[in-house]
file query-v9.tsv (TSV, C-alpha atoms)
chain	number	residue	atom	x	y	z
B	200	MET	CA	-119.98	34.23	-46.48
B	201	GLN	CA	-120.98	32.57	-43.18
B	202	VAL	CA	-122.51	29.67	-45.11
B	203	SER	CA	-119.24	29.19	-46.97
B	204	ILE	CA	-117.19	29.14	-43.71
B	205	ASP	CA	-119.64	26.67	-42.17
B	206	SER	CA	-119.48	24.35	-45.14
B	207	THR	CA	-115.66	24.51	-45.10
B	208	LEU	CA	-115.60	23.59	-41.41
B	209	LEU	CA	-118.10	20.84	-42.04
B	210	GLU	CA	-116.00	19.48	-44.88
B	211	ARG	CA	-112.86	19.64	-42.73
B	212	ASP	CA	-114.62	17.75	-39.94
B	213	ARG	CA	-115.82	15.12	-42.40
B	214	THR	CA	-112.26	14.63	-43.67
B	215	TRP	CA	-110.88	14.29	-40.13
B	216	SER	CA	-113.63	11.86	-39.27
B	217	GLN	CA	-112.76	9.69	-42.29
B	218	LEU	CA	-109.05	9.82	-41.44
B	219	MET	CA	-109.79	8.84	-37.84
B	220	ARG	CA	-111.93	5.94	-38.97
B	221	ALA	CA	-109.04	4.77	-41.15
B	222	ALA	CA	-106.66	5.26	-38.19
B	223	GLN	CA	-108.88	3.12	-35.97
B	224	SER	CA	-108.48	0.31	-38.46
B	225	GLY	CA	-104.70	0.73	-38.36
B	226	GLU	CA	-103.84	2.89	-41.42
B	227	ARG	CA	-100.66	4.69	-40.42
B	228	THR	CA	-100.53	7.13	-43.33
B	229	ALA	CA	-104.06	8.35	-42.63
B	230	TYR	CA	-103.23	8.68	-38.94
B	231	GLU	CA	-100.07	10.67	-39.54
B	232	ARG	CA	-101.94	12.98	-41.91
B	233	LEU	CA	-104.72	13.41	-39.35
B	234	LEU	CA	-102.30	14.26	-36.54
B	235	ARG	CA	-100.51	16.81	-38.72
B	236	ASP	CA	-103.83	18.32	-39.86
B	237	VAL	CA	-105.27	18.65	-36.36
B	238	THR	CA	-102.14	20.05	-34.67
B	239	PRO	CA	-102.90	23.73	-35.56
B	240	PHE	CA	-106.50	23.20	-34.38
B	241	ILE	CA	-105.23	21.80	-31.05
B	242	ARG	CA	-102.73	24.66	-30.77
B	243	SER	CA	-105.52	27.22	-31.25
B	244	ILE	CA	-107.50	25.65	-28.39
B	245	VAL	CA	-104.47	25.43	-26.11
B	246	ARG	CA	-103.67	29.12	-26.78
B	247	ARG	CA	-106.98	30.07	-25.17
B	248	HIS	CA	-105.62	28.73	-21.89
B	249	CYS	CA	-101.93	29.61	-22.11
B	250	ASN	CA	-99.63	32.05	-23.90
B	251	ASN	CA	-96.20	30.63	-23.16
B	252	ARG	CA	-94.81	29.06	-26.33
B	253	ALA	CA	-92.93	26.21	-24.67
B	254	ASP	CA	-95.93	25.38	-22.49
B	255	ILE	CA	-98.22	25.47	-25.51
B	256	GLU	CA	-96.11	22.89	-27.32
B	257	GLU	CA	-96.03	20.70	-24.22
B	258	MET	CA	-99.85	20.86	-23.97
B	259	VAL	CA	-100.21	20.15	-27.71
B	260	GLN	CA	-98.02	17.06	-27.32
B	261	ASP	CA	-99.94	15.97	-24.24
B	262	THR	CA	-103.18	16.30	-26.23
B	263	LEU	CA	-101.75	14.25	-29.11
B	264	LEU	CA	-100.70	11.54	-26.67
B	265	THR	CA	-104.17	11.51	-25.09
B	266	LEU	CA	-105.80	11.40	-28.52
B	267	HIS	CA	-103.64	8.37	-29.27
B	268	ARG	CA	-104.57	6.68	-25.99
B	269	VAL	CA	-108.33	7.23	-26.28
B	270	ARG	CA	-108.68	6.88	-30.06
B	271	HIS	CA	-111.01	3.90	-29.55
B	272	THR	CA	-113.57	6.22	-27.88
B	273	TYR	CA	-114.21	8.19	-31.06
B	274	ASP	CA	-117.50	7.24	-32.65
B	275	PRO	CA	-117.16	7.70	-36.45
B	276	ALA	CA	-120.89	8.47	-36.65
B	277	ARG	CA	-120.33	11.69	-34.68
B	278	PRO	CA	-118.40	14.90	-35.48
B	279	PHE	CA	-114.67	14.72	-34.81
B	280	GLY	CA	-114.08	18.39	-33.83
B	281	PRO	CA	-115.99	18.43	-30.50
B	282	TRP	CA	-114.36	15.14	-29.47
B	283	LEU	CA	-110.88	16.51	-30.09
B	284	ALA	CA	-111.66	19.97	-28.67
B	285	ALA	CA	-112.82	18.36	-25.40
B	286	ILE	CA	-109.54	16.46	-25.11
B	287	ALA	CA	-107.43	19.57	-25.88
B	288	SER	CA	-109.34	21.75	-23.39
B	289	ARG	CA	-109.17	19.10	-20.68
B	290	ARG	CA	-105.44	18.57	-21.12
B	291	SER	CA	-104.77	22.33	-21.08
B	292	ILE	CA	-106.77	22.80	-17.88
B	293	ASP	CA	-105.05	19.80	-16.28
B	294	ALA	CA	-101.62	21.24	-17.18
B	295	LEU	CA	-102.51	24.63	-15.73
B	296	ARG	CA	-103.80	23.07	-12.52
B	297	ARG	CA	-100.63	21.04	-12.26
B	298	ARG	CA	-98.59	24.20	-12.69
B	299	VAL	CA	-100.50	26.04	-9.97
B	300	ARG	CA	-100.10	23.05	-7.64
B	301	VAL	CA	-96.36	22.87	-8.27
B	302	SER	CA	-95.85	26.63	-7.94
B	303	LYS	CA	-97.41	26.50	-4.48
B	304	PHE	CA	-94.54	24.36	-3.24
B	305	GLU	CA	-91.63	25.52	-5.39
B	306	ALA	CA	-89.92	28.88	-5.71
B	307	PRO	CA	-87.17	29.82	-8.18
B	308	GLU	CA	-83.79	30.27	-6.52
B	309	ASP	CA	-81.62	32.41	-8.76
B	310	GLY	CA	-78.50	31.74	-6.69
B	311	ALA	CA	-78.70	28.06	-7.57
B	312	TYR	CA	-77.68	28.84	-11.15
B	313	GLU	CA	-74.75	31.13	-10.30
B	314	THR	CA	-71.12	30.20	-10.73
B	315	PHE	CA	-68.25	32.26	-9.47
B	316	ALA	CA	-64.90	33.42	-10.90
B	317	ASP	CA	-63.10	31.90	-7.95
B	318	ALA	CA	-63.00	28.16	-8.60
B	319	ALA	CA	-63.00	27.41	-4.90
B	320	ALA	CA	-66.39	29.08	-4.58
B	321	ASN	CA	-67.74	26.49	-6.96
B	322	SER	CA	-66.38	23.65	-4.93
B	323	ASP	CA	-69.65	21.76	-4.86
B	324	LEU	CA	-69.72	21.80	-8.63
B	325	GLU	CA	-66.04	20.98	-8.87
B	326	ALA	CA	-66.51	18.04	-6.58
B	327	VAL	CA	-68.76	16.27	-9.02
B	328	ARG	CA	-67.13	17.50	-12.22
B	329	SER	CA	-65.84	14.19	-13.27
B	330	SER	CA	-68.22	12.75	-15.82
B	331	GLU	CA	-67.01	9.28	-14.89
B	332	GLU	CA	-68.13	9.82	-11.35
B	333	ILE	CA	-71.52	11.02	-12.52
B	334	ALA	CA	-71.89	8.07	-14.85
B	335	GLN	CA	-70.99	5.79	-11.96
B	336	MET	CA	-73.65	7.35	-9.77
B	337	LEU	CA	-76.23	7.15	-12.53
B	338	GLY	CA	-75.37	3.49	-12.85
B	339	ARG	CA	-76.35	2.95	-9.23
B	340	LEU	CA	-79.90	4.23	-9.84
B	341	PRO	CA	-82.77	1.79	-10.57
B	342	PRO	CA	-83.21	1.42	-14.38
B	343	LYS	CA	-86.56	3.25	-14.58
B	344	GLN	CA	-85.28	6.19	-12.56
B	345	ARG	CA	-82.10	6.39	-14.62
B	346	GLU	CA	-84.12	6.23	-17.84
B	347	ALA	CA	-86.42	9.05	-16.68
B	348	LEU	CA	-83.54	11.26	-15.57
B	349	GLU	CA	-81.55	10.72	-18.75
B	350	ALA	CA	-84.53	11.43	-20.99
B	351	LEU	CA	-85.82	14.51	-19.16
B	352	LYS	CA	-82.69	16.15	-17.77
B	353	LEU	CA	-79.77	15.00	-19.92
B	354	LYS	CA	-81.38	14.60	-23.34
B	355	GLU	CA	-83.80	17.46	-22.54
B	356	MET	CA	-86.78	15.63	-24.01
B	357	SER	CA	-90.29	16.91	-23.30
B	358	LEU	CA	-92.46	14.77	-21.02
B	359	ALA	CA	-94.47	13.63	-24.02
B	360	GLU	CA	-91.41	12.53	-25.98
B	361	ALA	CA	-89.82	10.86	-22.99
B	362	SER	CA	-93.07	8.99	-22.40
B	363	VAL	CA	-93.09	7.66	-25.95
B	364	SER	CA	-89.41	6.71	-25.97
B	365	SER	CA	-89.39	5.07	-22.53
B	366	GLY	CA	-92.87	3.55	-22.49
B	367	GLN	CA	-93.45	5.08	-19.04
B	368	SER	CA	-96.51	7.24	-18.39
B	369	VAL	CA	-96.02	10.99	-17.92
B	370	ALA	CA	-96.89	10.67	-14.23
B	371	ALA	CA	-94.45	7.76	-13.76
B	372	LEU	CA	-91.71	9.72	-15.52
B	373	LYS	CA	-92.18	12.67	-13.20
B	374	VAL	CA	-92.11	10.47	-10.13
B	375	ASN	CA	-89.06	8.51	-11.32
B	376	ALA	CA	-87.15	11.67	-12.30
B	377	HIS	CA	-87.92	13.20	-8.92
B	378	ARG	CA	-86.81	10.05	-7.09
B	379	ALA	CA	-83.69	9.81	-9.23
B	380	LEU	CA	-82.67	13.38	-8.33
B	381	LYS	CA	-83.31	12.66	-4.68
B	382	ALA	CA	-81.22	9.49	-4.86
B	383	LEU	CA	-78.40	11.32	-6.69
B	384	ARG	CA	-78.43	14.04	-4.07
B	385	ALA	CA	-78.09	11.39	-1.39
B	386	LEU	CA	-75.19	9.79	-3.32
B	387	PHE	CA	-73.41	13.13	-3.62
B	388	HIS	CA	-73.75	13.74	0.10
B	389	GLU	CA	-72.54	10.22	0.76
B	390	ARG	CA	-69.31	10.72	-1.17
B	391	SER	CA	-68.59	14.24	0.16
B	392	PRO	CA	-69.92	14.54	3.69
Z	149	MET	CA	-88.06	18.98	-37.42
Z	150	THR	CA	-89.82	19.99	-34.17
Z	151	GLN	CA	-90.42	17.77	-31.17
Z	152	THR	CA	-94.14	17.71	-32.04
Z	153	ASP	CA	-93.33	16.43	-35.54
Z	154	ASP	CA	-91.16	13.71	-34.01
Z	155	LEU	CA	-93.96	12.77	-31.67
Z	156	ILE	CA	-96.46	12.54	-34.54
Z	157	GLU	CA	-94.08	10.26	-36.42
Z	158	SER	CA	-93.60	7.99	-33.44
Z	159	LEU	CA	-97.34	7.85	-32.68
Z	160	ALA	CA	-98.09	6.95	-36.29
Z	161	ALA	CA	-95.35	4.30	-36.23
Z	162	ASP	CA	-96.84	2.81	-33.03
Z	163	LEU	CA	-100.38	2.71	-34.43
Z	164	THR	CA	-102.31	-0.51	-33.97
Z	165	PRO	CA	-105.94	-1.13	-34.99
Z	166	VAL	CA	-108.53	-0.51	-32.27
Z	167	GLN	CA	-112.14	-1.56	-31.88
Z	168	PRO	CA	-114.30	1.55	-31.30
Z	169	LEU	CA	-116.31	1.37	-28.08
Z	170	ARG	CA	-119.97	0.49	-28.33
Z	171	PRO	CA	-122.43	3.38	-27.79
Z	172	PRO	CA	-122.71	4.36	-24.09
Z	173	PRO	CA	-126.42	3.41	-23.69
Z	174	LEU	CA	-125.64	-0.07	-25.01
Z	175	ARG	CA	-122.76	-0.46	-22.55
Z	176	ALA	CA	-125.02	0.75	-19.73
Z	177	LEU	CA	-127.61	-1.82	-20.80
Z	178	LEU	CA	-124.96	-4.53	-20.67
Z	179	TRP	CA	-124.07	-3.55	-17.11
Z	180	PHE	CA	-127.74	-3.62	-16.07
Z	181	ALA	CA	-128.07	-7.05	-17.67
Z	182	VAL	CA	-125.19	-8.26	-15.46
Z	183	VAL	CA	-126.85	-6.69	-12.39
Z	184	ALA	CA	-130.19	-8.27	-13.33
Z	185	VAL	CA	-128.57	-11.72	-13.54
Z	186	ILE	CA	-126.85	-11.20	-10.16
Z	187	ALA	CA	-130.13	-9.97	-8.68
Z	188	LEU	CA	-131.98	-13.00	-10.01
Z	189	LEU	CA	-129.39	-15.43	-8.69
Z	190	VAL	CA	-128.72	-13.78	-5.34
Z	191	VAL	CA	-131.83	-11.79	-4.46
Z	192	TRP	CA	-134.63	-13.96	-5.79
Z	193	PRO	CA	-134.01	-16.99	-3.55
Z	194	PHE	CA	-133.81	-14.89	-0.36
Z	195	ALA	CA	-136.32	-12.10	-1.01
Z	196	ASN	CA	-139.84	-12.22	0.36
Z	197	LEU	CA	-141.63	-11.37	-2.87
Z	198	SER	CA	-145.16	-11.48	-1.47
Z	199	ILE	CA	-144.28	-8.78	1.10
Z	200	PHE	CA	-142.49	-6.80	-1.62
Z	201	MET	CA	-145.50	-6.98	-3.97
Z	202	GLY	CA	-147.77	-5.99	-1.10
Z	203	ARG	CA	-145.64	-2.93	-0.33
Z	204	MET	CA	-145.65	-1.94	-3.99
Z	205	GLN	CA	-149.43	-1.56	-3.76
Z	206	VAL	CA	-148.78	1.59	-1.72
Z	207	PRO	CA	-148.24	4.36	-4.31
Z	208	ARG	CA	-145.72	6.26	-2.18
Z	209	ILE	CA	-143.54	3.18	-1.66
Z	210	ALA	CA	-143.85	2.29	-5.35
Z	211	LEU	CA	-142.72	5.85	-6.19
Z	212	GLU	CA	-139.79	5.56	-3.79
Z	213	CYS	CA	-138.73	2.31	-5.44
Z	214	ALA	CA	-139.19	3.78	-8.93
Z	215	GLY	CA	-137.17	6.83	-7.85
Z	216	SER	CA	-134.18	4.76	-6.73
Z	217	LEU	CA	-134.40	2.53	-9.83
Z	218	PHE	CA	-134.53	5.47	-12.25
Z	219	THR	CA	-131.76	7.26	-10.33
Z	220	ALA	CA	-129.64	4.15	-10.87
Z	221	ILE	CA	-130.47	3.95	-14.59
Z	222	ALA	CA	-129.98	7.68	-15.23
Z	223	SER	CA	-126.70	7.86	-13.27
Z	224	ILE	CA	-125.18	4.84	-14.97
Z	225	VAL	CA	-126.17	6.04	-18.46
Z	226	ALA	CA	-124.77	9.51	-17.65
Z	227	ALA	CA	-121.52	7.98	-16.34
Z	228	PHE	CA	-121.05	6.01	-19.57
Z	229	GLU	CA	-121.86	9.10	-21.67
Z	230	LEU	CA	-119.46	11.36	-19.76
Z	231	SER	CA	-116.66	8.81	-19.94
Z	232	ILE	CA	-116.41	9.69	-23.66
Z	233	PRO	CA	-114.68	12.99	-24.57
Z	234	GLY	CA	-116.89	15.71	-26.01
Z	235	ARG	CA	-120.22	14.58	-24.57
Z	236	SER	CA	-122.40	17.34	-23.13
Z	237	LYS	CA	-121.89	18.13	-19.44
Z	238	ARG	CA	-125.68	18.27	-19.18
Z	239	TRP	CA	-125.66	14.48	-18.93
Z	240	ALA	CA	-124.62	14.99	-15.31
Z	241	ALA	CA	-128.06	16.49	-14.59
Z	242	LEU	CA	-129.93	13.42	-15.87
Z	243	PRO	CA	-130.29	11.71	-12.47
Z	244	LEU	CA	-131.56	14.87	-10.74
Z	245	ALA	CA	-135.28	14.38	-11.41
Z	246	PRO	CA	-135.42	10.71	-10.30
Z	247	LEU	CA	-133.18	11.56	-7.32
Z	248	VAL	CA	-135.65	14.23	-6.24
Z	249	LEU	CA	-138.48	11.71	-6.68
Z	250	TRP	CA	-136.60	9.11	-4.61
Z	251	LEU	CA	-135.75	11.52	-1.78
Z	252	GLY	CA	-139.19	13.16	-1.95
Z	253	ALA	CA	-141.05	9.85	-1.68
Z	254	SER	CA	-138.74	8.71	1.13
Z	255	GLY	CA	-139.29	12.03	2.93
Z	256	MET	CA	-143.05	11.60	2.53
Z	257	GLY	CA	-142.64	8.15	4.09
Z	258	CYS	CA	-140.94	9.69	7.12
Z	259	LEU	CA	-143.74	12.25	7.42
Z	260	ALA	CA	-146.39	9.52	7.05
Z	261	ASN	CA	-144.70	7.68	9.89
Z	262	GLY	CA	-145.00	10.82	12.00
Z	263	MET	CA	-141.23	11.36	12.02
Z	264	GLY	CA	-141.55	9.34	15.16
Z	265	MET	CA	-139.45	6.55	16.47
Z	266	PRO	CA	-139.10	3.82	13.93
Z	267	LEU	CA	-140.72	0.43	14.20
Z	268	ALA	CA	-137.51	-1.30	13.42
Z	269	HIS	CA	-134.72	1.25	13.74
Z	270	GLY	CA	-132.43	-1.52	14.89
Z	271	GLU	CA	-132.41	-2.65	11.24
Z	272	SER	CA	-131.01	0.64	9.94
Z	273	PRO	CA	-127.32	-0.33	10.34
Z	274	HIS	CA	-128.10	-3.48	8.35
Z	275	CYS	CA	-129.52	-1.29	5.56
Z	276	PHE	CA	-126.28	0.72	5.65
Z	277	MET	CA	-124.21	-2.44	5.45
Z	278	PHE	CA	-126.38	-3.83	2.64
Z	279	ILE	CA	-126.05	-0.69	0.47
Z	280	VAL	CA	-122.30	-0.37	1.04
Z	281	GLY	CA	-121.70	-4.13	0.78
Z	282	ALA	CA	-123.74	-4.60	-2.41
Z	283	SER	CA	-122.18	-1.49	-3.95
Z	284	ALA	CA	-118.66	-2.91	-3.71
Z	285	PRO	CA	-118.98	-5.80	-6.23
Z	286	LEU	CA	-121.29	-3.76	-8.46
Z	287	SER	CA	-118.74	-0.92	-8.49
Z	288	ILE	CA	-115.93	-3.27	-9.45
Z	289	ALA	CA	-117.90	-4.48	-12.49
Z	290	LEU	CA	-118.92	-0.96	-13.45
Z	291	PHE	CA	-115.48	0.62	-13.08
Z	292	TRP	CA	-113.98	-2.25	-15.04
Z	293	MET	CA	-116.29	-1.35	-17.92
Z	294	LEU	CA	-115.87	2.42	-17.54
Z	295	ARG	CA	-112.08	2.36	-17.45
Z	296	ARG	CA	-112.06	0.98	-20.97
Z	297	ALA	CA	-112.96	4.52	-22.08
Z	298	ARG	CA	-110.04	5.95	-20.05
Z	299	PRO	CA	-112.10	9.01	-19.06
Z	300	ILE	CA	-110.26	12.30	-19.37
Z	301	SER	CA	-112.43	13.84	-16.58
Z	302	PRO	CA	-112.70	11.03	-14.04
Z	303	LEU	CA	-114.45	12.94	-11.22
Z	304	PRO	CA	-117.98	13.29	-12.67
Z	305	VAL	CA	-117.75	9.79	-14.14
Z	306	ALA	CA	-116.77	8.26	-10.77
Z	307	ALA	CA	-119.36	10.27	-8.84
Z	308	LEU	CA	-122.21	9.37	-11.22
Z	309	ALA	CA	-121.13	5.74	-11.43
Z	310	THR	CA	-121.06	5.31	-7.67
Z	311	LEU	CA	-124.37	7.16	-7.29
Z	312	GLY	CA	-125.85	4.71	-9.81
Z	313	VAL	CA	-124.36	1.73	-8.01
Z	314	ALA	CA	-125.59	2.90	-4.60
Z	315	ALA	CA	-129.06	3.59	-6.05
Z	316	SER	CA	-129.06	0.07	-7.59
Z	317	ALA	CA	-128.16	-1.37	-4.19
Z	318	ALA	CA	-130.90	0.71	-2.55
Z	319	THR	CA	-133.39	-0.65	-5.10
Z	320	LEU	CA	-132.31	-4.21	-4.33
Z	321	LEU	CA	-132.67	-3.41	-0.63
Z	322	GLN	CA	-136.41	-2.88	-1.19
Z	323	PHE	CA	-136.73	-6.67	-1.58
Z	324	PHE	CA	-135.43	-7.13	1.98
Z	325	HIS	CA	-137.06	-4.11	3.61
Z	326	PRO	CA	-140.44	-5.33	4.84
Z	327	PHE	CA	-141.13	-2.19	6.89
Z	328	ASP	CA	-141.88	1.39	5.93
Z	329	ILE	CA	-139.11	3.97	5.94
Z	330	THR	CA	-138.39	6.09	9.00
Z	331	VAL	CA	-136.19	9.12	9.58
Z	332	ILE	CA	-133.38	6.98	10.94
Z	333	ASP	CA	-133.71	4.57	8.01
Z	334	LEU	CA	-133.53	7.46	5.56
Z	335	ALA	CA	-130.52	8.91	7.34
Z	336	PHE	CA	-128.72	5.56	7.16
Z	337	HIS	CA	-129.65	5.10	3.49
Z	338	LEU	CA	-128.37	8.58	2.63
Z	339	ALA	CA	-125.21	8.06	4.68
Z	340	ALA	CA	-124.55	4.78	2.84
Z	341	VAL	CA	-125.11	6.40	-0.58
Z	342	GLY	CA	-122.90	9.34	0.44
Z	343	CYS	CA	-120.12	7.01	1.64
Z	344	VAL	CA	-120.17	5.03	-1.61
Z	345	VAL	CA	-120.10	8.21	-3.75
Z	346	LEU	CA	-117.31	9.80	-1.69
Z	347	LEU	CA	-115.26	6.63	-1.78
Z	348	GLY	CA	-115.72	6.32	-5.56
Z	349	ALA	CA	-114.78	9.98	-6.08
Z	350	ALA	CA	-111.72	9.63	-3.85
Z	351	LEU	CA	-110.53	6.49	-5.64
Z	352	ARG	CA	-111.35	7.77	-9.14
Z	353	ARG	CA	-107.77	7.84	-10.38
Z	354	PRO	CA	-106.71	4.30	-9.49
Z	355	LEU	CA	-110.12	2.99	-10.52
Z	356	LEU	CA	-110.46	4.81	-13.82
Z	357	SER	CA	-106.97	5.72	-14.95
Z	358	ALA	CA	-105.51	4.14	-18.05
Z	359	GLN	CA	-103.67	0.85	-17.78
call {"tool": "encode", "arguments": {"input": "query-v9.tsv", "output": "structure tokens"}}
result
Amino acid sequence: MQVSIDSTLLERDRTWSQLMRAAQSGERTAYERLLRDVTPFIRSIVRRHCNNRADIEEMVQDTLLTLHRVRHTYDPARPFGPWLAAIASRRSIDALRRRVRVSKFEAPEDGAYETFADAAANSDLEAVRSSEEIAQMLGRLPPKQREALEALKLKEMSLAEASVSSGQSVAALKVNAHRALKALRALFHERSP
Amino acid sequence: MTQTDDLIESLAADLTPVQPLRPPPLRALLWFAVVAVIALLVVWPFANLSIFMGRMQVPRIALECAGSLFTAIASIVAAFELSIPGRSKRWAALPLAPLVLWLGASGMGCLANGMGMPLAHGESPHCFMFIVGASAPLSIALFWMLRRARPISPLPVAALATLGVAASAATLLQFFHPFDITVIDLAFHLAAVGCVVLLGAALRRPLLSAQ
């Protein structure tokens, strides 16, 4: 039984290795098949580090992006599984560390999400209700910051998707989105002192 | 269709052919070839080879030199290996044995000199400057090669690379070090190696992160 499982895993690794070799030479169909085939494998590794579904998908996407970026480092003469597993583990650990770092400086504020029956109590929100005004303020942001904010906050893309669509790195996206929010806050204060 | 499916589609659509990296030992060899050429062009004309050869007749000094040389080789090979995902973490231990040999032989030198005041301790700051100064251009060349792999764990790669570079510089220093090592010399050498490694580790992200 064990021999049969081993030979199946070996066969699977051989297939992935062949697909990756084809991907390195630019075959898109082989690459797409490889990425679809390895996604459950990546997910199983990420699950060892995290049990939140949304976070798992984010880590899986981050791993796929890293795989894409470092695909030239795969040596077709070596097994594919350990190469991919190392990337998935690394990305999961990095994401968890990032989370711990962020949670040290941020705390959820439930009141921030509350709205009140009395419209006057929501005056801050009312003040910026006009979508035209918001669009105008967005227009005053630098293009990269606007792009990051639109992708992450308005279109609700994941970091990985936003990175692909905008061409900005994940780190740059985070920085630009943060700066954009800061700039918007300043603009809001400016118009309603 | 999920966001992950969309991502897979866009990654496949963006695919371009890539040239797989050469095996790490071969890339390490290439770097040493560059260093050897630099050493021949820069060191050879200024080094006092007869004094160097004379010092190499002393087994302890020859061991010290071999220790620093093999520390350089082992560290650089390990750095190239660890820059590739999935390589064993045990590569990081490769420079340990030559490092112990290097430090041991240097320590023996201090003992042989009676731990006393050095003959030429005024030269020690120059040794420091030489190791740090020579490490800078060697590091640039090495990090330029290493960043091609876009290491996913940059810390061990940067630390090993800079240890290798500092050990290479310390080996080159032997050509300009006509006196035996003293405690102060050793302290300056170690401080220089430590500075280079710490600087490399601190700058790992800008030096090794993907373009």
call {"tool": "closest_atom_pairs", "arguments": {"input": "query-v9.tsv", "of": "chain Z", "to": "chain B", "cutoff": "9 Å", "atoms": "only C-alpha atoms", "output": "CSV"}}
result
residue,atom,partner,partner_atom,distance
Z:Gln151,CA,B:Glu360,CA,7.4
Z:Thr152,CA,B:Gln260,CA,6.1
Z:Asp153,CA,B:Arg235,CA,7.9
Z:Asp154,CA,B:Glu360,CA,8.1
Z:Leu155,CA,B:Glu360,CA,6.2
Z:Ile156,CA,B:Leu234,CA,6.4
Z:Glu157,CA,B:Glu231,CA,6.8
Z:Ser158,CA,B:Val363,CA,7.5
Z:Leu159,CA,B:His267,CA,7.2
Z:Ala160,CA,B:Glu231,CA,5.3
Z:Ala161,CA,B:Arg227,CA,6.8
Z:Asp162,CA,B:Arg227,CA,8.5
Z:Leu163,CA,B:Gly225,CA,6.2
Z:Thr164,CA,B:Gly225,CA,5.1
Z:Pro165,CA,B:Gly225,CA,4.0
Z:Val166,CA,B:Gln223,CA,5.2
Z:Gln167,CA,B:His271,CA,6.0
Z:Pro168,CA,B:His271,CA,4.4
Z:Leu169,CA,B:Thr272,CA,5.6
Z:Arg170,CA,B:Asp274,CA,8.4
Z:Pro171,CA,B:Asp274,CA,7.9
Z:Ser231,CA,B:Thr272,CA,8.9
Z:Ile232,CA,B:Thr272,CA,6.2
Z:Pro233,CA,B:Trp282,CA,5.4
Z:Gly234,CA,B:Trp282,CA,4.3
Z:Arg235,CA,B:Trp282,CA,7.7
Z:Arg296,CA,B:Thr272,CA,8.8
Z:Ala297,CA,B:Thr272,CA,6.1
Z:Arg298,CA,B:Val269,CA,6.6
Z:Pro299,CA,B:Val269,CA,8.3
Z:Ile300,CA,B:Arg289,CA,7.0
Z:Ser301,CA,B:Arg289,CA,7.4
Z:Ala358,CA,B:Arg268,CA,8.4
call {"tool": "closest_residue", "arguments": {"input": "query-v9.tsv", "among": "Z:Ile288, Z:Ala315, Z:Ile329, Z:Ala181", "to": "Leu351 in chain Z", "atoms": "only C-alpha atoms"}}
result
Z:Ile288
call {"tool": "atom_distance", "arguments": {"input": "query-v9.tsv", "atom1": "CA of Pro243 in chain Z", "atom2": "CA of Ser216 in chain Z"}}
result
9.8 Å
call {"tool": "closest_residue", "arguments": {"input": "query-v9.tsv", "among": "Z:Phe228, Z:Trp192, Z:Phe323, Z:Phe278", "to": "Trp292 in chain Z", "atoms": "only C-alpha atoms"}}
result
Z:Phe228
call {"tool": "atom_distance", "arguments": {"input": "query-v9.tsv", "atom1": "CA of Phe218 in chain Z", "atom2": "CA of Val248 in chain Z"}}
result
10.7 Å
